[in-house]
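A.B. asks: Just dropping this structure here.
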Amino acid sequence: MAYEIRRAVTDDVKALANIIVESWRSAYSEIIPKDEIVRFLDKDRRQKQFERFIEEGEIVLIGICDDIPCGLVFANKDNDEQLEDCGSIYSMYLLEEY
């Protein structure tokens with residue numbers, strides 16, 4: 001298997017929206033009320049959000065396995081000057097099969 005993790009670009013927004021929607025569907029469909037899930041799972045809305053995140057410089061990483069986008073991560077840089085090359089992952093989404 002070939003893995004790649006890289007910073008997402010605007011060409012990735014369709015794949016990113018699919019990852020977040022499908023991971024939410026598989027993880028929360030039996031926990032969160034259906035109307036909330038449906039509202040959250042609007043792929044067009046998610047694509048627009050990812051376009052905005054990327055254009056505004058948010059750190060969004062995409063994970064790819066054998067040329068298939070399968071995961072994403074939201075991260076941020078550390079504010080401590082002594083840790084300028086460090087950061088934190090604050091959210092991660094994977095397709096269920098990965």
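Letters A, B, ... mark the chains of the structure tokens in the order given; residue numbers begin at 1 per chain; ligand numbers begin at 1, in order shown.
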I'd like to know which residues of chain A are strand (DSSP E) (by DSSP, run on the backbone); could you write them as a compact mmCIF listing (two decimals) with N, CA and C atoms, in the first residue's frame?
C.D. replies:
# COMPACT_ATOMS: atom_id res chain seq x y z
N TYR A 3 0.99 5.21 0.87
CA TYR A 3 0.34 6.24 1.67
C TYR A 3 0.95 7.61 1.38
N GLU A 4 0.11 8.61 1.43
CA GLU A 4 0.57 9.99 1.27
C GLU A 4 -0.24 10.87 2.22
N ILE A 5 0.42 11.76 2.91
CA ILE A 5 -0.24 12.78 3.72
C ILE A 5 0.35 14.11 3.28
N ARG A 6 -0.52 15.04 2.89
CA ARG A 6 -0.05 16.33 2.41
C ARG A 6 -1.08 17.40 2.75
N ARG A 7 -0.63 18.63 2.63
CA ARG A 7 -1.55 19.75 2.86
C ARG A 7 -2.59 19.76 1.74
N ILE A 59 -4.80 24.91 8.40
CA ILE A 59 -3.99 23.72 8.15
C ILE A 59 -4.94 22.53 8.06
N VAL A 60 -5.15 22.08 6.83
CA VAL A 60 -5.97 20.91 6.56
C VAL A 60 -5.08 19.94 5.79
N LEU A 61 -4.91 18.76 6.34
CA LEU A 61 -4.11 17.73 5.68
C LEU A 61 -5.03 16.65 5.15
N ILE A 62 -4.67 16.08 4.01
CA ILE A 62 -5.45 14.99 3.43
C ILE A 62 -4.60 13.73 3.41
N GLY A 63 -5.21 12.62 3.77
CA GLY A 63 -4.54 11.33 3.74
C GLY A 63 -5.03 10.53 2.54
N ILE A 64 -4.09 9.94 1.82
CA ILE A 64 -4.41 9.20 0.61
C ILE A 64 -3.76 7.83 0.70
N CYS A 65 -4.53 6.79 0.40
CA CYS A 65 -4.03 5.42 0.40
C CYS A 65 -4.28 4.83 -0.98
N ILE A 68 -6.48 6.81 -3.17
CA ILE A 68 -7.85 7.04 -2.71
C ILE A 68 -7.82 7.96 -1.49
N PRO A 69 -8.44 9.15 -1.58
CA PRO A 69 -8.52 10.02 -0.40
C PRO A 69 -9.33 9.32 0.69
N CYS A 70 -8.73 9.17 1.87
CA CYS A 70 -9.39 8.36 2.91
C CYS A 70 -9.41 9.02 4.28
N GLY A 71 -8.75 10.15 4.46
CA GLY A 71 -8.73 10.78 5.76
C GLY A 71 -8.36 12.25 5.67
N LEU A 72 -8.67 12.97 6.75
CA LEU A 72 -8.27 14.37 6.81
C LEU A 72 -7.99 14.74 8.25
N VAL A 73 -7.19 15.78 8.40
CA VAL A 73 -6.79 16.27 9.72
C VAL A 73 -6.87 17.79 9.71
N PHE A 74 -7.39 18.36 10.80
CA PHE A 74 -7.29 19.79 11.05
C PHE A 74 -6.18 19.97 12.08
N ALA A 75 -5.29 20.91 11.84
CA ALA A 75 -4.18 21.14 12.76
C ALA A 75 -3.95 22.64 12.92
N ASN A 76 -3.13 22.98 13.91
CA ASN A 76 -2.72 24.38 14.08
C ASN A 76 -1.29 24.43 14.57
N LYS A 77 -0.67 25.59 14.36
CA LYS A 77 0.70 25.79 14.83
C LYS A 77 0.70 26.17 16.29
N GLY A 87 3.09 21.85 16.35
CA GLY A 87 1.67 22.16 16.28
C GLY A 87 0.86 21.05 16.91
N SER A 88 -0.44 21.15 16.73
CA SER A 88 -1.36 20.17 17.31
C SER A 88 -2.40 19.74 16.29
N ILE A 89 -2.74 18.48 16.34
CA ILE A 89 -3.89 17.98 15.58
C ILE A 89 -5.09 18.14 16.50
N TYR A 90 -6.13 18.81 16.03
CA TYR A 90 -7.30 18.97 16.88
C TYR A 90 -8.53 18.26 16.35
N SER A 91 -8.44 17.68 15.16
CA SER A 91 -9.58 16.94 14.63
C SER A 91 -9.10 16.01 13.52
N MET A 92 -9.62 14.78 13.51
CA MET A 92 -9.22 13.80 12.51
C MET A 92 -10.46 13.02 12.06
N TYR A 93 -10.56 12.80 10.77
CA TYR A 93 -11.67 12.05 10.19
C TYR A 93 -11.11 11.02 9.22
N LEU A 94 -11.62 9.79 9.32
CA LEU A 94 -11.22 8.71 8.42
C LEU A 94 -12.46 8.01 7.89
A.B. asks: Do you know which residues are at most 8 Å from stretch 47-55 of chain A counting only C-alpha atoms, after dropping those on the same chain fewer than 5 positions away, and could you put them as JSON, numbers by chain?
C.D. replies: {"A": [8, 9, 10, 13, 14, 16, 17, 60]}
A.B. asks: Taking the chain letters and numbering used in this document, name the residues of chain A that DSSP puts in alpha helix (DSSP H), as a ChimeraX atom specification.
C.D. replies: /A:13-28,34-40,43-55
